[in-house]
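Colleague: Below is the file data29.txt, which contains compact mmCIF, C-alpha atoms.
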# COMPACT_ATOMS: atom_id res chain seq x y z
CA MET A 1 12.57 2.33 -35.80
CA THR A 2 14.01 2.42 -32.31
CA ALA A 3 16.24 -0.55 -31.53
CA LEU A 4 14.90 -2.86 -28.85
CA PRO A 5 16.85 -2.69 -25.60
CA THR A 6 18.87 -5.55 -24.21
CA CYS A 7 18.82 -7.10 -20.79
CA PRO A 8 21.73 -5.93 -18.59
CA THR A 9 21.89 -9.39 -17.03
CA CYS A 10 21.77 -11.81 -19.96
CA ASP A 11 22.03 -9.51 -22.99
CA ALA A 12 18.82 -10.86 -24.50
CA VAL A 13 16.72 -8.50 -26.58
CA VAL A 14 13.77 -7.40 -24.44
CA PRO A 15 10.47 -6.50 -26.12
CA VAL A 16 8.76 -3.50 -24.57
CA PRO A 17 5.10 -2.49 -24.74
CA ALA A 18 4.18 0.03 -27.41
CA ASP A 19 3.01 2.43 -24.69
CA VAL A 20 6.07 2.00 -22.52
CA VAL A 21 6.75 4.85 -20.10
CA ALA A 22 9.85 5.95 -18.24
CA ASN A 23 10.57 4.07 -15.05
CA GLU A 24 8.20 1.26 -15.96
CA LEU A 25 9.05 -2.16 -14.59
CA ILE A 26 9.28 -5.04 -17.03
CA SER A 27 10.73 -8.54 -16.96
CA CYS A 28 13.34 -10.09 -19.20
CA PRO A 29 11.62 -12.95 -21.04
CA ASP A 30 14.86 -14.92 -21.17
CA CYS A 31 16.36 -14.75 -17.68
CA GLY A 32 13.43 -13.32 -15.71
CA SER A 33 15.35 -10.35 -14.31
CA ASP A 34 13.22 -7.48 -13.08
CA LEU A 35 14.14 -4.45 -15.14
CA GLU A 36 13.38 -0.74 -15.12
CA VAL A 37 13.11 1.45 -18.18
CA VAL A 38 15.63 4.17 -17.34
CA SER A 39 15.51 5.95 -20.68
CA LEU A 40 13.01 6.15 -23.52
CA ASN A 41 15.37 7.62 -26.08
CA PRO A 42 17.33 5.52 -26.55
CA LEU A 43 15.35 2.74 -24.91
CA THR A 44 17.55 1.61 -22.07
CA LEU A 45 17.01 -0.89 -19.31
CA ASP A 46 18.71 -1.32 -15.97
CA LEU A 47 18.17 -3.76 -13.16
CA ALA A 48 15.15 -2.75 -11.10
CA PRO A 49 15.93 -1.80 -7.51
CA ASP A 50 15.84 -4.70 -5.09
CA VAL A 51 12.66 -4.97 -3.06
CA GLU A 52 13.19 -3.32 0.31
CA GLU A 53 11.62 -4.30 3.63
CA ASP A 54 9.22 -1.37 3.66
CA TRP A 55 7.91 -1.91 0.16
CA GLY A 56 4.28 -2.74 -0.20
CA GLU A 57 0.84 -1.35 -0.69
CA MET B 1 -4.76 22.35 -12.79
CA ARG B 2 -1.36 20.96 -11.93
CA ALA B 3 -0.88 17.52 -10.48
CA ALA B 4 2.09 15.38 -9.55
CA LEU B 5 2.31 11.64 -9.33
CA LEU B 6 4.89 10.67 -6.72
CA ILE B 7 6.20 7.16 -7.33
CA THR B 8 9.01 4.72 -6.70
CA HIS B 9 8.63 3.31 -10.19
CA VAL B 10 5.84 2.61 -12.65
CA ARG B 11 3.86 -0.53 -11.88
CA PRO B 12 0.77 -1.50 -13.87
CA GLU B 13 -1.28 0.57 -11.41
CA GLU B 14 0.66 3.77 -12.06
CA LYS B 15 0.38 3.21 -15.78
CA LEU B 16 -3.39 2.91 -15.42
CA LEU B 17 -3.48 6.08 -13.31
CA LEU B 18 -1.44 7.99 -15.90
CA ALA B 19 -3.90 6.85 -18.57
CA ALA B 20 -6.84 7.92 -16.41
CA PHE B 21 -5.32 11.35 -15.88
CA GLY B 22 -4.66 11.58 -19.61
CA ALA B 23 -8.27 10.72 -20.42
CA ARG B 24 -9.24 13.77 -18.38
CA GLY B 25 -6.82 16.02 -20.22
CA ILE B 26 -4.29 16.11 -17.41
CA THR B 27 -0.64 15.17 -17.66
CA PRO B 28 0.73 14.92 -14.15
CA ASP B 29 4.40 15.50 -13.48
CA VAL B 30 5.91 12.15 -12.54
CA ILE B 31 8.26 12.56 -9.58
CA LEU B 32 10.50 9.73 -8.43
CA ASP B 33 10.90 9.36 -4.69
CA ARG B 34 14.59 8.54 -5.23
CA ASP B 35 15.05 12.12 -6.54
CA LEU B 36 13.45 13.92 -3.59
CA VAL B 37 15.43 16.46 -1.62
CA PHE B 38 13.47 18.44 0.96
CA ASP B 39 14.75 21.48 2.81
CA LEU B 40 12.84 20.82 6.01
CA THR B 41 13.54 24.28 7.40
CA ALA B 42 12.13 26.04 4.35
CA GLY B 43 8.71 26.06 2.74
CA PRO B 44 6.77 24.98 -0.32
CA GLU B 45 8.32 27.51 -2.66
CA GLN B 46 11.34 25.24 -3.00
CA TYR B 47 11.57 23.32 -6.24
CA ALA B 48 10.39 19.79 -6.79
CA PRO B 49 12.58 17.48 -8.93
CA SER B 50 10.16 18.29 -11.76
CA GLY B 51 11.57 21.82 -11.83
CA VAL B 52 8.51 23.63 -10.51
CA PRO B 53 7.86 24.84 -6.97
CA TRP B 54 5.94 22.39 -4.82
CA SER B 55 3.45 25.15 -4.14
CA ALA B 56 2.43 25.07 -7.81
CA TYR B 57 0.79 21.68 -7.38
CA ASP B 58 -2.92 21.56 -6.75
CA VAL B 59 -2.65 17.94 -5.71
CA VAL B 60 0.13 15.40 -5.24
CA PHE B 61 -0.91 11.80 -5.77
CA GLU B 62 1.32 9.59 -3.63
CA ARG B 63 1.87 6.10 -5.03
CA CYS B 64 5.25 5.16 -3.61
CA VAL B 65 5.88 1.47 -3.17
CA SER B 66 8.40 2.56 -0.56
CA THR B 67 6.31 3.12 2.54
CA SER B 68 8.89 5.19 4.39
CA ARG B 69 9.52 7.53 1.49
CA GLY B 70 5.82 7.97 0.86
CA ILE B 71 4.98 8.71 4.47
CA TYR B 72 7.73 11.24 4.99
CA ALA B 73 6.96 12.95 1.69
CA LEU B 74 3.33 13.26 2.74
CA ALA B 75 4.39 14.64 6.11
CA VAL B 76 6.41 17.34 4.39
CA LEU B 77 3.79 18.20 1.79
CA ASN B 78 0.90 18.30 4.24
CA SER B 79 2.93 20.43 6.63
CA TRP B 80 3.27 22.89 3.76
CA GLY B 81 -0.47 22.83 3.19
CA ILE B 82 -0.24 20.95 -0.10
CA ARG B 83 -3.20 18.74 -0.93
CA THR B 84 -2.27 15.06 -1.17
CA VAL B 85 -3.89 11.72 -1.89
CA ASN B 86 -3.77 10.10 0.57
CA THR B 87 -3.01 12.32 3.53
CA TYR B 88 -0.15 11.76 5.92
CA ARG B 89 -2.59 10.88 8.67
CA THR B 90 -4.23 8.17 6.61
CA ALA B 91 -0.93 6.78 5.34
CA VAL B 92 0.84 6.67 8.68
CA THR B 93 -2.14 4.95 10.30
CA CYS B 94 -2.60 2.35 7.59
CA ALA B 95 1.12 1.63 7.31
CA ASP B 96 1.19 0.45 10.91
CA LYS B 97 -1.00 -2.47 11.91
CA LEU B 98 -0.96 -1.51 15.57
CA LEU B 99 -2.14 2.02 14.79
CA THR B 100 -4.76 0.69 12.38
CA THR B 101 -6.14 -1.58 15.08
CA LEU B 102 -6.33 1.32 17.53
CA ALA B 103 -8.17 3.49 15.00
CA LEU B 104 -10.66 0.72 14.24
CA THR B 105 -11.17 0.08 17.94
CA ARG B 106 -11.92 3.75 18.58
CA ALA B 107 -14.53 3.65 15.82
CA GLY B 108 -16.09 0.42 17.02
CA ILE B 109 -15.29 -1.46 13.81
CA PRO B 110 -15.41 -5.26 14.14
CA GLN B 111 -11.94 -6.75 13.75
CA PRO B 112 -9.94 -9.76 14.92
CA HIS B 113 -8.80 -9.61 18.54
CA ALA B 114 -5.27 -8.20 18.58
CA THR B 115 -2.64 -7.64 21.25
CA ALA B 116 0.91 -6.30 21.46
CA GLY B 117 3.99 -6.91 23.61
CA PHE B 118 7.53 -5.64 23.49
CA ALA B 119 9.69 -8.28 25.21
CA GLU B 120 9.79 -12.04 24.88
CA ASP B 121 7.97 -12.83 28.11
CA SER B 122 5.30 -10.17 27.74
CA ALA B 123 4.89 -10.99 24.05
CA MET B 124 4.19 -14.62 24.97
CA ARG B 125 1.44 -13.40 27.27
CA ALA B 126 0.10 -11.15 24.50
CA ILE B 127 -0.05 -14.11 22.12
CA ALA B 128 -1.71 -16.32 24.70
CA ALA B 129 -4.33 -13.63 25.21
CA VAL B 130 -5.56 -13.95 21.63
CA GLY B 131 -5.30 -17.75 21.87
CA TYR B 132 -3.86 -20.38 19.58
CA PRO B 133 -3.61 -20.51 16.68
CA ALA B 134 -2.46 -16.89 16.53
CA VAL B 135 -1.06 -14.84 13.68
CA LEU B 136 2.09 -12.81 14.28
CA LYS B 137 2.64 -9.89 11.94
CA PRO B 138 5.32 -7.25 11.65
CA VAL B 139 3.62 -3.95 12.47
CA THR B 140 4.87 -2.62 9.16
CA GLY B 141 5.11 -4.62 5.97
CA SER B 142 2.99 -5.82 3.15
CA TRP B 143 2.36 -8.54 0.60
CA GLY B 144 2.01 -11.13 3.35
CA ARG B 145 5.68 -11.03 4.20
CA LEU B 146 6.88 -12.49 7.49
CA LEU B 147 3.42 -13.45 8.65
CA ALA B 148 3.56 -16.41 10.99
CA ARG B 149 0.69 -18.61 12.03
CA VAL B 150 1.69 -20.08 15.38
CA ASN B 151 -0.39 -23.04 16.43
CA ASP B 152 0.92 -23.48 19.95
CA HIS B 153 3.15 -22.15 22.71
CA ASP B 154 6.27 -23.90 21.38
CA ALA B 155 5.88 -22.43 17.90
CA ALA B 156 5.35 -18.95 19.37
CA GLU B 157 8.52 -19.26 21.46
CA ALA B 158 10.51 -20.25 18.39
CA VAL B 159 9.26 -17.34 16.29
CA LEU B 160 9.88 -14.84 19.07
CA GLU B 161 13.43 -16.09 19.65
CA HIS B 162 14.16 -15.60 15.97
CA ARG B 163 12.50 -12.18 15.89
CA PHE B 164 14.41 -10.91 18.93
CA THR B 165 17.73 -12.49 17.92
CA LEU B 166 17.81 -11.87 14.20
CA GLY B 167 15.39 -9.01 13.63
CA ASP B 168 16.10 -5.32 13.92
CA TRP B 169 14.14 -3.15 16.33
CA THR B 170 11.13 -3.03 14.03
CA GLN B 171 10.73 -6.78 14.61
CA HIS B 172 10.72 -6.35 18.38
CA THR B 173 7.17 -5.05 18.58
CA ILE B 174 5.12 -8.21 18.65
CA TYR B 175 1.67 -7.75 17.18
CA ALA B 176 -0.52 -10.80 17.63
CA GLN B 177 -3.86 -11.30 15.98
CA GLN B 178 -6.53 -13.89 16.52
CA PHE B 179 -6.51 -16.44 13.72
CA VAL B 180 -9.84 -16.17 11.93
CA GLU B 181 -11.30 -19.25 10.31
CA LYS B 182 -12.41 -18.14 6.87
CA PRO B 183 -14.01 -19.98 3.97
CA GLY B 184 -10.86 -20.36 1.87
CA ARG B 185 -10.98 -16.74 0.86
CA ASP B 186 -11.07 -13.19 2.08
CA ILE B 187 -12.55 -10.03 0.58
CA ARG B 188 -10.55 -7.13 -0.79
CA THR B 189 -12.69 -4.00 -1.06
CA PHE B 190 -11.84 -0.70 -2.70
CA VAL B 191 -13.09 2.42 -0.99
CA VAL B 192 -13.09 5.79 -2.72
CA GLY B 193 -14.06 8.54 -0.33
CA ASN B 194 -17.20 7.33 1.39
CA ARG B 195 -18.14 4.59 -1.06
CA THR B 196 -17.06 0.99 -1.64
CA ILE B 197 -16.77 0.99 -5.41
CA CYS B 198 -16.06 -2.71 -5.86
CA ALA B 199 -14.71 -5.80 -4.17
CA VAL B 200 -13.07 -9.09 -5.03
CA TYR B 201 -12.85 -12.43 -3.35
CA ARG B 202 -9.29 -13.63 -2.97
CA ASP B 203 -9.33 -17.40 -3.00
CA SER B 204 -6.40 -19.44 -1.83
CA ALA B 205 -5.80 -22.88 -0.40
CA HIS B 206 -3.18 -21.18 1.81
CA TRP B 207 -4.26 -19.27 4.90
CA ILE B 208 -2.47 -16.22 3.44
CA THR B 209 -4.72 -15.02 0.63
CA ASN B 210 -2.71 -12.08 -0.76
CA THR B 211 -2.55 -12.08 -4.53
CA ALA B 212 1.17 -11.42 -4.09
CA ARG B 213 1.24 -14.90 -2.54
CA GLY B 214 -0.81 -16.60 -5.23
CA GLY B 215 -4.41 -15.80 -4.27
CA THR B 216 -6.79 -15.57 -7.23
CA THR B 217 -9.52 -12.98 -7.60
CA SER B 218 -13.17 -13.03 -8.59
CA ASN B 219 -15.95 -10.48 -8.27
CA CYS B 220 -17.55 -10.01 -4.86
CA PRO B 221 -20.90 -8.23 -4.81
CA VAL B 222 -20.83 -5.08 -2.68
CA THR B 223 -23.70 -5.49 -0.26
CA ASP B 224 -25.04 -2.64 1.83
CA GLU B 225 -23.49 -4.31 4.88
CA LEU B 226 -20.06 -4.54 3.24
CA ASP B 227 -20.23 -0.99 1.92
CA GLU B 228 -21.28 0.48 5.25
CA LEU B 229 -18.60 -1.42 7.19
CA CYS B 230 -15.82 -0.49 4.79
CA ALA B 231 -16.80 3.17 4.54
CA ARG B 232 -16.83 3.44 8.34
CA ALA B 233 -13.48 1.67 8.61
CA ALA B 234 -11.93 3.86 5.92
CA ASN B 235 -13.07 7.00 7.66
CA ALA B 236 -11.71 5.66 10.95
CA VAL B 237 -8.17 5.69 9.56
CA GLY B 238 -8.51 9.10 7.93
CA GLY B 239 -10.29 8.30 4.68
CA GLY B 240 -9.24 8.60 1.05
CA LEU B 241 -8.39 5.88 -1.45
CA LEU B 242 -8.12 2.65 0.44
CA ALA B 243 -8.19 -1.10 0.03
CA LEU B 244 -9.56 -3.11 2.92
CA ASP B 245 -9.07 -6.76 3.68
CA VAL B 246 -12.23 -8.21 5.19
CA PHE B 247 -12.78 -11.66 6.66
CA GLU B 248 -16.05 -13.55 6.64
CA SER B 249 -15.69 -14.80 10.20
CA PRO B 250 -18.16 -17.14 11.93
CA ASP B 251 -19.35 -14.02 13.82
CA GLY B 252 -19.76 -11.84 10.73
CA LEU B 253 -17.58 -9.51 8.72
CA VAL B 254 -14.38 -8.24 10.36
CA VAL B 255 -11.82 -5.80 8.99
CA ASN B 256 -8.34 -7.28 8.93
CA GLU B 257 -6.10 -4.64 7.37
CA ILE B 258 -6.28 -1.41 5.39
CA ASN B 259 -3.87 -0.46 2.61
CA HIS B 260 -3.25 3.13 1.58
CA THR B 261 -1.36 2.66 -1.73
CA MET B 262 -3.32 -0.28 -2.98
CA GLU B 263 -2.55 -2.46 -5.92
CA PHE B 264 -5.50 -3.17 -8.17
CA ARG B 265 -4.12 -4.71 -11.35
CA ASN B 266 -5.98 -7.95 -10.65
CA SER B 267 -9.25 -6.36 -9.57
CA SER B 268 -10.59 -4.13 -12.35
CA ALA B 269 -11.15 -7.01 -14.77
CA PRO B 270 -13.23 -9.27 -12.47
CA THR B 271 -15.29 -6.38 -11.10
CA GLY B 272 -15.74 -4.46 -14.33
CA VAL B 273 -14.98 -1.26 -12.43
CA ASP B 274 -12.37 1.17 -13.71
CA ILE B 275 -10.63 1.62 -10.37
CA ALA B 276 -7.95 3.95 -11.72
CA ALA B 277 -10.58 6.27 -13.16
CA ALA B 278 -12.44 6.40 -9.86
CA MET B 279 -9.21 7.17 -8.02
CA VAL B 280 -8.34 10.05 -10.34
CA ASP B 281 -11.87 11.44 -10.17
CA TYR B 282 -11.64 11.39 -6.37
CA ALA B 283 -8.39 13.36 -6.50
CA LEU B 284 -10.03 15.90 -8.78
CA THR B 285 -13.01 16.30 -6.46
CA LEU B 286 -10.61 17.40 -3.74
CA LEU B 287 -9.77 20.43 -5.82
CA SER B 288 -13.16 21.92 -5.07
CA GLN B 289 -12.28 21.95 -1.38
CA PRO B 290 -9.75 24.24 0.28
CA ALA B 291 -6.37 22.57 0.64
CA ALA B 292 -6.66 23.05 4.37
CA ALA B 293 -9.59 20.64 4.42
CA ASN B 294 -7.24 17.97 3.16
CA THR B 295 -4.11 18.81 5.12
CA GLU B 296 -5.13 20.36 8.41
CA ALA B 297 -5.08 18.20 11.51
CA THR B 298 -3.11 15.67 9.54
CA LEU B 299 0.14 16.06 11.46
Would you mind writing the file's structure down as C-alpha cells?
Modeller:
Amino acid sequence: MTALPTCPTCDAVVPVPADVVANELISCPDCGSDLEVVSLNPLTLDLAPDVEEDWGE
Amino acid sequence: MRAALLITHVRPEEKLLLAAFGARGITPDVILDRDLVFDLTAGPEQYAPSGVPWSAYDVVFERCVSTSRGIYALAVLNSWGIRTVNTYRTAVTCADKLLTTLALTRAGIPQPHATAGFAEDSAMRAIAAVGYPAVLKPVTGSWGRLLARVNDHDAAEAVLEHRFTLGDWTQHTIYAQQFVEKPGRDIRTFVVGNRTICAVYRDSAHWITNTARGGTTSNCPVTDELDELCARAANAVGGGLLALDVFESPDGLVVNEINHTMEFRNSSAPTGVDIAAAMVDYALTLLSQPAAANTEATL
C-alpha cells in the first residue's frame, strides 16, 4: 500500500481521494494549507501556487 | 483522435472533464501551462510539453485558471490553425469586461448601463453617468475580487484615489456599471454552443452573489426567454462553452458578465445536468468541422 503523503507545512498525514490525479489541488485537513499533488508515485504534495491577480474563470 | 487538456492545475472541474473524456474512450494529454514554451517564430510542428507536436492535436481544451496564460496559449494555437475550446476570440473578449460590454452592445443584448474613463476626473464623470449607486469593476478579474459598490460621489472619489495611487496600470481603466437591484440572487447559465443546457440561481444576502464569495446555488428553470437571451449573448462574444451571469432587473433580464473557463462544481448537482459531459461532447462535435472553422478570423 502506498504511504499517505504528508503536508509540507504542518507535517500532518493528508488523506487523498482514491482517484487522485497528478496536479490535483487538495487541502490539508489539519492546517488548511492548499496543496498540489506533484507526484503520484510516490504520492507527494507541495504547496499549491499562490492565487495570482489574473486567476479566475 | 488526439486531445489535450491545457490547465494550471486540476480543480474539481478538470477532474470531471477528465472523467467525461474517459467515458468516451479518450485520454487527453494533460499539459500544464507552467511548462509551456512557444517558439513564436516557428509553427505547430514544434513539440508540446507532452512530447508530441502541437499539430498532432485535433483539439486543445483550454481550462487554465490563469487568464493570461490561457489567452496567450489560445492566440498561439489558433494562429497555427489548431482547433481550441474556447477560441482566442471568445476568451479575450470574455476576459475583459469592457470588451464584453462592447460585444453585447453590438449585438443588442440587454445589459446594465456601463461606462469607462481613464483618469480620475473623467472617471468620476463616467461613474456619474451611470448614477449612484454604481459598481466599479477591474476590467479583468474574477471571483468577485475588487468589486466596489460606490453609493455616492465621496465613496467614488475614495476608491479612485486608491486605484490610481496603489494600483498598477490595469487598475487605471475605470469601468463603471449601473447597480442593478436584484431579488437577492442572480442567475448563472451554462451555454454549450447554441443552447443553454442548465442554469442555477445564486442566492446571497450580499450584493455580490458569486459562489466564490459564499453564494449558494439552486436549480433555475431554463425558460425560452432565458435560453434565447443567453444563446444570443454567447454568440456575440464568439460562442463556445460559456457561463453567463444574468440579473433579473426590474426591466427584465440583463446579461452582466460572461465567463469563458467556467467553474461548475456547484451546478451539476442542483440542475441534474452533467455539465462536464456536455462540454466534452461539444468539443468532439467540433472535430466534424474543418479546423479553420474554429480558428479563422479569431485573431
Colleague: Show me a table, sorted first by chain and then by increasing residue number, of the residues of chain A having an atom at most 7 Å from chain B, each with its shortest atom pair and the distance in Å to one decimal, counting all atoms listed in the file and written as a Markdown table.
Modeller:
| residue | atom | partner | partner_atom | distance |
| --- | --- | --- | --- | --- |
| A:Asn23 | CA | B:His9 | CA | 5.3 |
| A:Glu24 | CA | B:Val10 | CA | 4.3 |
| A:Leu25 | CA | B:Val10 | CA | 6.1 |
| A:Glu53 | CA | B:Gly141 | CA | 6.9 |
| A:Asp54 | CA | B:Thr67 | CA | 5.5 |
| A:Trp55 | CA | B:Ser66 | CA | 4.6 |
| A:Gly56 | CA | B:Ser142 | CA | 4.7 |
| A:Glu57 | CA | B:Thr261 | CA | 4.7 |
Colleague: At what distance in Å, to one decimal, does CA of Ala4 in chain B lie from CA of Arg188 in chain B?
Modeller: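 Going from CA of Arg188 in chain B over to CA of Ala4 in chain B covers 27.3 Å.
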Colleague: So, counting only C-alpha atoms, which residue among A:Thr44, A:Ala12, A:Ala18, A:Pro49 is closest to Cys31 in chain A?
Modeller: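 Checking each candidate against Cys31 in chain A, we get A:Ala12 as the closest.
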Colleague: Name all residues at most 10 Å from range 51-57 of chain B (count all atoms listed in the file; drop same-chain ones fewer than 3 positions away) and give them as a list in words.
Modeller: Met1, Arg2, Ala3, Ala4, Pro28, Asp29, Gly43, Pro44, Glu45, Gln46, Tyr47, Ala48, Val60, Leu77, Trp80, Gly81, Ile82, Arg83 and Thr84 of chain B
Colleague: Once you count only C-alpha atoms, which residues end up no further than 12 Å from (3.6, -13.7, 23.1) in the file's frame, shown as a PyMOL selection string?
Modeller: chain B and resi 114-137+150+152-161+163-164+172-177
